[in-house]
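Asks: Below you'll find entry_6.txt; it's compact mmCIF, C-alpha atoms.
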# COMPACT_ATOMS: atom_id res chain seq x y z
CA MET A 1 -25.75 -1.83 21.15
CA LYS A 2 -24.05 0.63 18.79
CA ALA A 3 -23.09 -0.65 15.33
CA VAL A 4 -22.21 0.53 11.82
CA VAL A 5 -25.14 -0.55 9.65
CA GLN A 6 -25.67 -0.62 5.89
CA ASP A 7 -29.10 -0.98 4.25
CA ARG A 8 -28.16 -0.27 0.61
CA TYR A 9 -25.12 -0.23 -1.64
CA GLY A 10 -23.19 2.97 -2.23
CA PRO A 11 -20.35 5.18 -0.96
CA ALA A 12 -19.42 5.56 2.70
CA ASP A 13 -22.45 7.80 3.23
CA VAL A 14 -24.70 4.70 3.22
CA LEU A 15 -23.17 3.58 6.53
CA GLU A 16 -25.12 4.57 9.63
CA PHE A 17 -23.91 4.54 13.22
CA ARG A 18 -26.97 3.52 15.20
CA ASP A 19 -28.46 1.27 17.85
CA ILE A 20 -29.43 -2.29 16.99
CA GLU A 21 -30.28 -5.36 19.02
CA ARG A 22 -27.36 -7.22 20.55
CA PRO A 23 -26.86 -10.67 19.02
CA GLU A 24 -27.02 -13.83 21.10
CA PRO A 25 -24.76 -16.81 20.50
CA GLY A 26 -26.34 -19.92 19.08
CA PRO A 27 -24.91 -23.46 19.12
CA GLY A 28 -21.22 -23.40 18.22
CA GLU A 29 -21.02 -19.61 18.41
CA VAL A 30 -19.12 -17.12 20.57
CA LEU A 31 -20.33 -13.65 21.58
CA VAL A 32 -17.39 -11.23 21.79
CA ARG A 33 -17.31 -7.78 23.36
CA VAL A 34 -15.37 -5.97 20.65
CA HIS A 35 -12.48 -3.75 21.74
CA ALA A 36 -11.05 -3.16 18.25
CA ALA A 37 -11.70 -4.07 14.65
CA SER A 38 -9.86 -3.32 11.43
CA VAL A 39 -10.78 -2.18 7.94
CA ASN A 40 -10.22 -4.37 4.88
CA ALA A 41 -10.86 -4.11 1.16
CA TYR A 42 -13.57 -6.66 1.93
CA ASP A 43 -15.54 -3.88 3.64
CA TRP A 44 -15.66 -1.50 0.70
CA HIS A 45 -16.40 -4.36 -1.71
CA PHE A 46 -19.52 -5.05 0.38
CA MET A 47 -20.27 -1.37 0.89
CA HIS A 48 -20.36 -0.74 -2.87
CA GLY A 49 -21.66 -4.18 -3.86
CA ASP A 50 -18.64 -4.47 -6.15
CA PRO A 51 -18.20 -6.31 -8.44
CA LYS A 52 -21.85 -6.28 -9.38
CA VAL A 53 -21.90 -9.94 -10.38
CA ALA A 54 -21.11 -10.80 -6.73
CA ARG A 55 -24.40 -9.28 -5.58
CA ALA A 56 -25.99 -12.64 -6.32
CA VAL A 57 -24.19 -13.78 -3.14
CA MET A 58 -23.90 -10.48 -1.23
CA GLY A 59 -27.56 -9.52 -1.72
CA LEU A 60 -29.28 -8.15 -4.82
CA ARG A 61 -30.50 -4.76 -3.55
CA GLY A 62 -28.46 -4.46 -0.38
CA PRO A 63 -26.07 -6.59 1.67
CA LYS A 64 -27.48 -9.56 3.54
CA ALA A 65 -24.83 -8.96 6.22
CA ARG A 66 -25.95 -5.46 7.27
CA VAL A 67 -23.27 -4.66 9.89
CA ARG A 68 -19.89 -3.92 8.32
CA GLY A 69 -16.53 -5.06 9.63
CA ARG A 70 -14.92 -8.46 9.35
CA ASP A 71 -12.13 -8.95 11.89
CA PHE A 72 -11.94 -8.10 15.57
CA ALA A 73 -10.26 -8.51 18.92
CA GLY A 74 -11.98 -8.43 22.29
CA ARG A 75 -13.18 -10.46 25.26
CA VAL A 76 -15.58 -13.39 25.27
CA GLU A 77 -18.94 -12.28 26.64
CA ALA A 78 -20.87 -15.55 26.29
CA VAL A 79 -20.63 -18.89 24.48
CA GLY A 80 -23.23 -21.08 22.85
CA SER A 81 -23.67 -24.80 23.36
CA GLY A 82 -20.82 -26.92 22.07
CA ILE A 83 -18.10 -24.35 22.85
CA THR A 84 -15.90 -25.88 25.55
CA ASP A 85 -12.47 -24.28 25.08
CA LEU A 86 -13.46 -20.62 25.51
CA VAL A 87 -15.09 -18.98 28.53
CA PRO A 88 -16.34 -15.47 29.33
CA GLY A 89 -13.41 -13.13 29.94
CA ASP A 90 -10.99 -14.83 27.53
CA GLU A 91 -9.09 -12.42 25.28
CA VAL A 92 -9.64 -13.48 21.67
CA PHE A 93 -9.32 -12.37 18.06
CA GLY A 94 -11.07 -13.64 14.98
CA GLU A 95 -13.01 -13.11 11.80
CA ALA A 96 -16.77 -12.73 11.32
CA ASP A 97 -19.19 -10.35 9.63
CA GLY A 98 -20.50 -7.59 11.90
CA ALA A 99 -17.28 -6.54 13.66
CA PHE A 100 -17.97 -2.79 13.52
CA ALA A 101 -20.15 -3.03 16.61
CA GLU A 102 -19.92 -3.24 20.37
CA TYR A 103 -20.59 -7.00 20.16
CA VAL A 104 -20.10 -9.56 17.44
CA CYS A 105 -21.34 -13.15 17.23
CA ALA A 106 -18.78 -15.40 15.54
CA PRO A 107 -18.57 -19.12 14.70
CA GLY A 108 -16.35 -20.95 17.16
CA ASP A 109 -14.01 -22.03 14.38
CA ALA A 110 -13.35 -18.37 13.53
CA VAL A 111 -12.17 -17.30 17.00
CA GLY A 112 -8.92 -18.03 18.82
CA PRO A 113 -6.84 -16.82 21.77
CA LYS A 114 -5.32 -13.38 21.17
CA PRO A 115 -1.51 -13.10 20.90
CA SER A 116 -0.41 -12.34 24.44
CA ASN A 117 2.17 -9.73 23.40
CA LEU A 118 -0.22 -7.59 21.34
CA THR A 119 -2.80 -4.97 22.25
CA PHE A 120 -6.39 -5.40 21.14
CA GLU A 121 -5.77 -2.85 18.40
CA GLN A 122 -2.75 -4.75 17.09
CA ALA A 123 -4.49 -8.12 17.32
CA ALA A 124 -7.54 -6.82 15.45
CA ALA A 125 -5.31 -5.98 12.48
CA ILE A 126 -4.32 -9.61 11.94
CA PRO A 127 -7.21 -12.04 11.29
CA LEU A 128 -8.45 -11.46 7.73
CA ALA A 129 -5.27 -9.94 6.28
CA GLY A 130 -2.92 -12.27 8.10
CA ASN A 131 -4.95 -15.36 7.26
CA THR A 132 -5.20 -14.34 3.60
CA ALA A 133 -1.44 -13.79 3.43
CA LEU A 134 -0.73 -17.10 5.16
CA ILE A 135 -2.94 -19.00 2.71
CA GLY A 136 -1.36 -17.20 -0.23
CA VAL A 137 2.28 -17.59 0.83
CA ARG A 138 2.34 -20.95 2.61
CA ASP A 139 -0.68 -22.98 1.52
CA VAL A 140 -1.32 -21.97 -2.10
CA GLY A 141 2.03 -20.45 -3.05
CA GLY A 142 4.00 -23.20 -1.31
CA VAL A 143 6.83 -20.79 -0.52
CA ARG A 144 9.84 -22.54 0.94
CA GLU A 145 13.46 -21.93 1.90
CA GLY A 146 15.60 -20.46 -0.87
CA GLN A 147 12.80 -19.47 -3.23
CA THR A 148 12.12 -16.03 -4.66
CA LEU A 149 8.78 -14.39 -3.87
CA LEU A 150 7.36 -11.19 -5.36
CA VAL A 151 4.47 -9.49 -3.57
CA ASN A 152 2.52 -7.11 -5.80
CA GLY A 153 0.75 -4.70 -3.47
CA ALA A 154 3.21 -5.13 -0.62
CA SER A 155 2.18 -2.06 1.37
CA GLY A 156 -1.46 -3.02 1.92
CA GLY A 157 -2.92 -5.00 4.78
CA VAL A 158 -2.41 -8.42 3.21
CA GLY A 159 0.82 -7.38 1.52
CA THR A 160 2.60 -6.30 4.71
CA PHE A 161 1.90 -9.71 6.24
CA ALA A 162 2.86 -11.52 3.02
CA VAL A 163 6.30 -9.87 3.02
CA GLN A 164 6.89 -10.91 6.64
CA LEU A 165 5.60 -14.44 6.07
CA GLY A 166 7.76 -14.83 2.99
CA LYS A 167 10.81 -14.05 5.10
CA ALA A 168 9.58 -16.29 7.92
CA TYR A 169 9.45 -19.21 5.46
CA GLY A 170 12.92 -18.51 4.10
CA ALA A 171 12.24 -16.76 0.79
CA GLU A 172 14.08 -13.89 -0.87
CA VAL A 173 11.29 -11.31 -1.03
CA THR A 174 10.70 -8.53 -3.54
CA ALA A 175 8.07 -5.96 -2.57
CA VAL A 176 6.20 -3.93 -5.19
CA CYS A 177 4.72 -0.73 -3.77
CA SER A 178 4.88 3.06 -4.09
CA ALA A 179 8.07 4.97 -3.37
CA ARG A 180 6.56 6.45 -0.21
CA ASN A 181 6.16 2.95 1.23
CA ALA A 182 9.58 1.60 0.26
CA ASP A 183 11.18 2.14 3.67
CA MET A 184 8.26 0.41 5.39
CA ALA A 185 8.60 -2.60 3.07
CA ARG A 186 12.31 -2.84 3.84
CA SER A 187 11.59 -2.59 7.58
CA LEU A 188 9.30 -5.63 7.23
CA GLY A 189 12.16 -7.63 5.74
CA ALA A 190 11.86 -7.13 1.98
CA ASP A 191 15.18 -7.85 0.27
CA HIS A 192 14.28 -5.77 -2.78
CA VAL A 193 11.70 -3.02 -3.36
CA ILE A 194 10.26 -2.00 -6.73
CA ASP A 195 8.48 1.33 -7.14
CA TYR A 196 5.60 0.43 -9.43
CA ALA A 197 5.46 4.01 -10.77
CA GLY A 198 9.02 3.79 -12.02
CA GLU A 199 9.41 0.16 -13.04
CA ASP A 200 7.13 -2.54 -14.43
CA PHE A 201 8.26 -5.79 -12.83
CA THR A 202 6.52 -7.82 -15.56
CA ARG A 203 8.89 -6.32 -18.16
CA ALA A 204 12.10 -6.69 -16.19
CA ASP A 205 14.60 -9.50 -16.70
CA ARG A 206 14.17 -11.10 -13.29
CA ARG A 207 11.94 -14.16 -12.82
CA TYR A 208 10.33 -15.37 -9.57
CA ASP A 209 9.38 -18.75 -8.15
CA VAL A 210 6.16 -17.29 -6.70
CA VAL A 211 4.27 -14.10 -7.58
CA LEU A 212 1.52 -13.14 -5.14
CA ASP A 213 -0.72 -10.57 -6.82
CA LEU A 214 -2.91 -8.49 -4.52
CA VAL A 215 -3.77 -5.74 -7.00
CA GLY A 216 -4.85 -7.21 -10.34
CA ASN A 217 -3.23 -4.40 -12.33
CA HIS A 218 -1.59 -6.47 -15.07
CA ALA A 219 -2.78 -8.86 -17.75
CA LEU A 220 -2.36 -12.58 -17.13
CA ARG A 221 0.27 -12.80 -19.88
CA ALA A 222 2.29 -10.06 -18.18
CA PHE A 223 2.17 -11.78 -14.79
CA ARG A 224 3.35 -15.01 -16.40
CA ARG A 225 6.38 -13.24 -17.88
CA ALA A 226 7.56 -12.56 -14.34
CA LEU A 227 7.52 -16.27 -13.42
CA THR A 228 10.14 -18.95 -13.83
CA PRO A 229 9.11 -21.71 -16.28
CA THR A 230 7.60 -23.71 -13.41
CA GLY A 231 6.76 -20.80 -11.14
CA THR A 232 3.49 -20.15 -9.30
CA LEU A 233 1.16 -17.19 -9.80
CA VAL A 234 -1.32 -16.60 -6.97
CA LEU A 235 -4.16 -14.25 -7.93
CA SER A 236 -6.29 -12.41 -5.37
CA GLY A 237 -9.35 -10.17 -5.60
CA GLY A 238 -7.58 -7.14 -4.09
CA GLY A 239 -7.38 -3.86 -5.90
CA VAL A 240 -8.99 -0.50 -5.22
CA TYR A 241 -12.47 0.84 -5.95
CA GLU A 242 -12.51 2.82 -9.19
CA GLY A 243 -16.18 3.56 -9.69
CA GLY A 244 -17.63 0.07 -9.85
CA SER A 245 -17.28 -2.90 -12.16
CA VAL A 246 -19.33 -5.79 -13.46
CA LEU A 247 -16.78 -8.59 -13.18
CA GLY A 248 -13.92 -7.07 -11.16
CA PRO A 249 -11.09 -9.58 -10.72
CA MET A 250 -13.29 -12.41 -12.01
CA GLY A 251 -12.28 -11.58 -15.58
CA LEU A 252 -8.65 -12.27 -14.69
CA PHE A 253 -9.69 -15.41 -12.82
CA LEU A 254 -11.55 -16.69 -15.88
CA LYS A 255 -8.48 -16.21 -18.09
CA ARG A 256 -6.43 -18.08 -15.48
CA ARG A 257 -8.81 -21.04 -15.63
CA LEU A 258 -8.61 -21.16 -19.40
CA ALA A 259 -4.80 -20.97 -19.46
CA ALA A 260 -3.91 -23.19 -16.47
CA PRO A 261 -4.22 -26.60 -18.19
CA PHE A 262 -1.83 -25.59 -20.96
CA THR A 263 1.24 -24.41 -19.06
CA ARG A 264 3.89 -25.82 -16.74
CA GLN A 265 3.47 -22.75 -14.60
CA ARG A 266 1.02 -23.02 -11.70
CA LEU A 267 -1.75 -20.44 -12.05
CA VAL A 268 -3.97 -20.45 -8.96
CA GLU A 269 -6.52 -18.29 -7.18
CA LEU A 270 -6.28 -17.26 -3.55
CA PRO A 271 -9.26 -18.81 -1.74
CA ALA A 272 -11.08 -17.03 1.08
CA ARG A 273 -11.60 -19.28 4.05
CA ARG A 274 -11.48 -18.67 7.77
CA SER A 275 -9.36 -21.04 9.82
CA ARG A 276 -8.88 -21.35 13.57
CA GLU A 277 -5.73 -23.36 12.90
CA ASN A 278 -4.34 -20.46 10.89
CA LEU A 279 -5.23 -18.05 13.70
CA ALA A 280 -3.18 -20.25 16.02
CA THR A 281 -0.25 -20.16 13.59
CA LEU A 282 -0.46 -16.37 13.30
CA LYS A 283 -0.61 -16.11 17.10
CA GLU A 284 2.58 -18.18 17.41
CA LEU A 285 4.37 -16.13 14.76
CA ALA A 286 3.34 -12.87 16.42
CA GLU A 287 4.43 -14.02 19.87
CA ALA A 288 7.76 -15.16 18.41
CA GLY A 289 8.28 -11.76 16.78
CA ARG A 290 8.19 -13.19 13.25
CA ILE A 291 5.23 -11.03 12.19
CA ALA A 292 3.89 -7.73 13.51
CA PRO A 293 0.93 -5.67 12.32
CA VAL A 294 1.61 -2.22 10.90
CA ILE A 295 -1.13 0.28 11.75
CA GLU A 296 -1.30 3.58 9.88
CA ARG A 297 -4.02 5.17 12.00
CA THR A 298 -7.05 4.47 14.18
CA TYR A 299 -10.64 5.75 14.19
CA PRO A 300 -13.39 5.50 16.83
CA LEU A 301 -16.33 3.23 15.98
CA SER A 302 -18.54 6.24 15.29
CA GLU A 303 -16.16 7.22 12.46
CA ALA A 304 -15.90 3.78 10.83
CA ALA A 305 -17.37 5.16 7.60
CA GLU A 306 -14.50 7.65 7.40
CA ALA A 307 -12.04 4.83 8.09
CA ILE A 308 -13.34 2.90 5.07
CA ARG A 309 -13.29 6.06 2.95
CA HIS A 310 -9.65 6.63 3.92
CA LEU A 311 -8.73 3.08 2.92
CA GLU A 312 -10.31 3.25 -0.53
CA VAL A 313 -9.49 6.86 -1.43
CA GLU A 314 -6.11 7.49 0.19
CA HIS A 315 -4.57 4.11 -0.66
CA ALA A 316 -3.80 3.61 3.02
CA ARG A 317 -0.63 1.79 3.94
CA ALA A 318 -0.93 -1.39 6.00
CA LYS A 319 -3.89 -1.46 8.38
CA ILE A 320 -6.58 0.98 9.55
CA VAL A 321 -8.03 0.09 12.96
CA VAL A 322 -11.39 0.99 14.50
CA THR A 323 -11.50 1.23 18.29
CA VAL A 324 -14.66 0.41 20.22
Now that the file is in, can you turn its structure into structure tokens?
Replies:
Amino acid sequence: MKAVVQDRYGPADVLEFRDIERPEPGPGEVLVRVHAASVNAYDWHFMHGDPKVARAVMGLRGPKARVRGRDFAGRVEAVGSGITDLVPGDEVFGEADGAFAEYVCAPGDAVGPKPSNLTFEQAAAIPLAGNTALIGVRDVGGVREGQTLLVNGASGGVGTFAVQLGKAYGAEVTAVCSARNADMARSLGADHVIDYAGEDFTRADRRYDVVLDLVGNHALRAFRRALTPTGTLVLSGGGVYEGGSVLGPMGLFLKRRLAAPFTRQRLVELPARRSRENLATLKELAEAGRIAPVIERTYPLSEAAEAIRHLEVEHARAKIVVTV
């Protein structure tokens, strides 16, 4: 099968479009014929091996997971033992390493029925970004009716879903993004939009019940200024690649851990975990019209390297999708 393979860390040039052996599903796994996948910051973090300290988990000299891509939509090709609720031909979406390929093998708990009202391309844009936003807004942030939510990095993949989920859960949402993306943020339901180039929300007078940071472009003390006395700050890895780093967002996370016991404010990190239950929630929200993926552009699988380059260099808005 054709796949986008990486043998060493580096820029997009390290990615090769070549033939590899098709995977076979083991116990509890599902083999999916991929119709579309989408690009995430996760992909360029792995491509560059950034931050360097994370290479202890990613792989010291090159990534252990050699096929790039994390989320996908397609049709079930085969199932391993123990999978009883999916059969060949089912339309699904999900999250697993190796999605930039004609076939991907995914754990059964990372795959769910595709939203019936979405194309494969639209569905592929949801899993990682939508799940991350759902965990940040609902599970960790605890956003509820009548609260104020600020999303820092509102025009990215996770951010566009976070704005929509904030509105779905009844919050008054402020989106922080560039001026060129202001209209898009408003179209997603944002009540207020702040152009980060013209205003620093951490120095303004307004305070928020929940701040979801997807960029990491302020000091912890600055983020805390934007919170109410008992507000919640949710920190994510996010950001853009700027030539490599040793610690990346982990420096900010460490400061959070040191400060958290000594303040009434909740300072928490956004965990990364796949969830079939969350996929089901996202499916329901999509079918009800409460959330919808925003896709800036699509690339064929053979140009997946260019798709990742576009995301990291051009500060792409919303989602970039790879068609297979």
Asks: For range 175-181 of chain A, work out the shell of residues within 6 Å, counting only C-alpha atoms and skipping chain neighbours fewer than 3 positions away, then give it as a list in words.
Replies: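 Near range 175-181 of chain A, the qualifying residues are Leu150, Val151, Asn152, Gly153, Ala154, Ser155, Met184, Val193, Ile194, Asp195 and Tyr196 of chain A.
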Asks: Can you pull out every residue within 12 Å of Arg55 in chain A, counting all atoms listed in the file, but drop anything in the same chain fewer than 2 positions away, and send it as a tab-separated table (two decimals) with C-alpha atoms, in the coordinates of the input?
Replies:
chain	number	residue	atom	x	y	z
A	8	ARG	CA	-28.16	-0.27	0.61
A	9	TYR	CA	-25.12	-0.23	-1.64
A	45	HIS	CA	-16.40	-4.36	-1.71
A	46	PHE	CA	-19.52	-5.05	0.38
A	47	MET	CA	-20.27	-1.37	0.89
A	48	HIS	CA	-20.36	-0.74	-2.87
A	49	GLY	CA	-21.66	-4.18	-3.86
A	50	ASP	CA	-18.64	-4.47	-6.15
A	51	PRO	CA	-18.20	-6.31	-8.44
A	52	LYS	CA	-21.85	-6.28	-9.38
A	53	VAL	CA	-21.90	-9.94	-10.38
A	57	VAL	CA	-24.19	-13.78	-3.14
A	58	MET	CA	-23.90	-10.48	-1.23
A	59	GLY	CA	-27.56	-9.52	-1.72
A	60	LEU	CA	-29.28	-8.15	-4.82
A	61	ARG	CA	-30.50	-4.76	-3.55
A	62	GLY	CA	-28.46	-4.46	-0.38
A	63	PRO	CA	-26.07	-6.59	1.67
A	64	LYS	CA	-27.48	-9.56	3.54
A	65	ALA	CA	-24.83	-8.96	6.22
A	245	SER	CA	-17.28	-2.90	-12.16
A	246	VAL	CA	-19.33	-5.79	-13.46
A	247	LEU	CA	-16.78	-8.59	-13.18
Asks: Do a neighbour search on range 264-277 of chain A at 6 Å with only C-alpha atoms, toss out local chain neighbours closer than 3 positions, and write the hits as a list in words.
Replies: Asp109, Ala110, Gly136, Pro229, Thr230, Gly231, Thr232, Leu233, Val234, Leu235, Ser236, Ala260 and Ala280 of chain A
Asks: Those same residues, written as a compact mmCIF listing (two decimals), in the coordinates of the input with C-alpha atoms?
Replies:
# COMPACT_ATOMS: atom_id res chain seq x y z
CA ASP A 109 -14.01 -22.03 14.38
CA ALA A 110 -13.35 -18.37 13.53
CA GLY A 136 -1.36 -17.20 -0.23
CA PRO A 229 9.11 -21.71 -16.28
CA THR A 230 7.60 -23.71 -13.41
CA GLY A 231 6.76 -20.80 -11.14
CA THR A 232 3.49 -20.15 -9.30
CA LEU A 233 1.16 -17.19 -9.80
CA VAL A 234 -1.32 -16.60 -6.97
CA LEU A 235 -4.16 -14.25 -7.93
CA SER A 236 -6.29 -12.41 -5.37
CA ALA A 260 -3.91 -23.19 -16.47
CA ALA A 280 -3.18 -20.25 16.02
Asks: Compile the contact shell of Ser81 in chain A as a VMD selection string: residues with an atom at most 9 Å away, counting all atoms listed in the file, same-chain residues fewer than 4 positions apart removed.
Replies: chain A and resid 25 to 29
Asks: Now that the selection is made, can you save its residues with C-alpha atoms as a short mmCIF file (atom, residue, chain, number, x, y, z; two decimals), in the frame of the given file?
Replies:
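Result file follows (result16.cif):
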data_model
loop_
_atom_site.label_atom_id
_atom_site.label_comp_id
_atom_site.auth_asym_id
_atom_site.auth_seq_id
_atom_site.Cartn_x
_atom_site.Cartn_y
_atom_site.Cartn_z
CA PRO A 25 -24.76 -16.81 20.50
CA GLY A 26 -26.34 -19.92 19.08
CA PRO A 27 -24.91 -23.46 19.12
CA GLY A 28 -21.22 -23.40 18.22
CA GLU A 29 -21.02 -19.61 18.41
#
Asks: For Cys105 in chain A, which residue out of A:Val67, A:Val210, A:Ile135, A:Ala292 is the nearest one, using all atoms listed in the file?
Replies: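 When distances to Cys105 in chain A are compared using all atoms listed in the file, the smallest one comes from A:Val67.
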Asks: Determine, for each residue of range 97-201 of chain A having at least one atom at most 12 Å from an atom of range 304-314 of chain A, the closest pair of atoms and their separation in Å to one decimal, counting all atoms listed in the file; order by chain and ascending number, as a tab-separated table.
Replies:
residue	atom	partner	partner_atom	distance
A:Ala99	CA	A:Ala304	CA	10.8
A:Phe100	CA	A:Ala304	CA	7.4
A:Ala101	CA	A:Ala304	CA	9.9
A:Gly156	CA	A:Leu311	CA	9.5
A:Gly157	CA	A:Leu311	CA	10.1
Asks: Mind pulling up the distance from CA of Lys167 in chain A to CA of Gln147 in chain A?
Replies: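 Atom-to-atom, CA of Gln147 in chain A and CA of Lys167 in chain A are spaced 10.1 Å apart.
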Asks: I'd like the contact shell of Ala162 in chain A - 7 Å cut-off, all atoms listed in the file, skipping same-chain residues fewer than 5 positions apart - returned as a list in words.
Replies: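 Here the qualifying residues turn out to be Ala133, Leu134 and Val137 of chain A.
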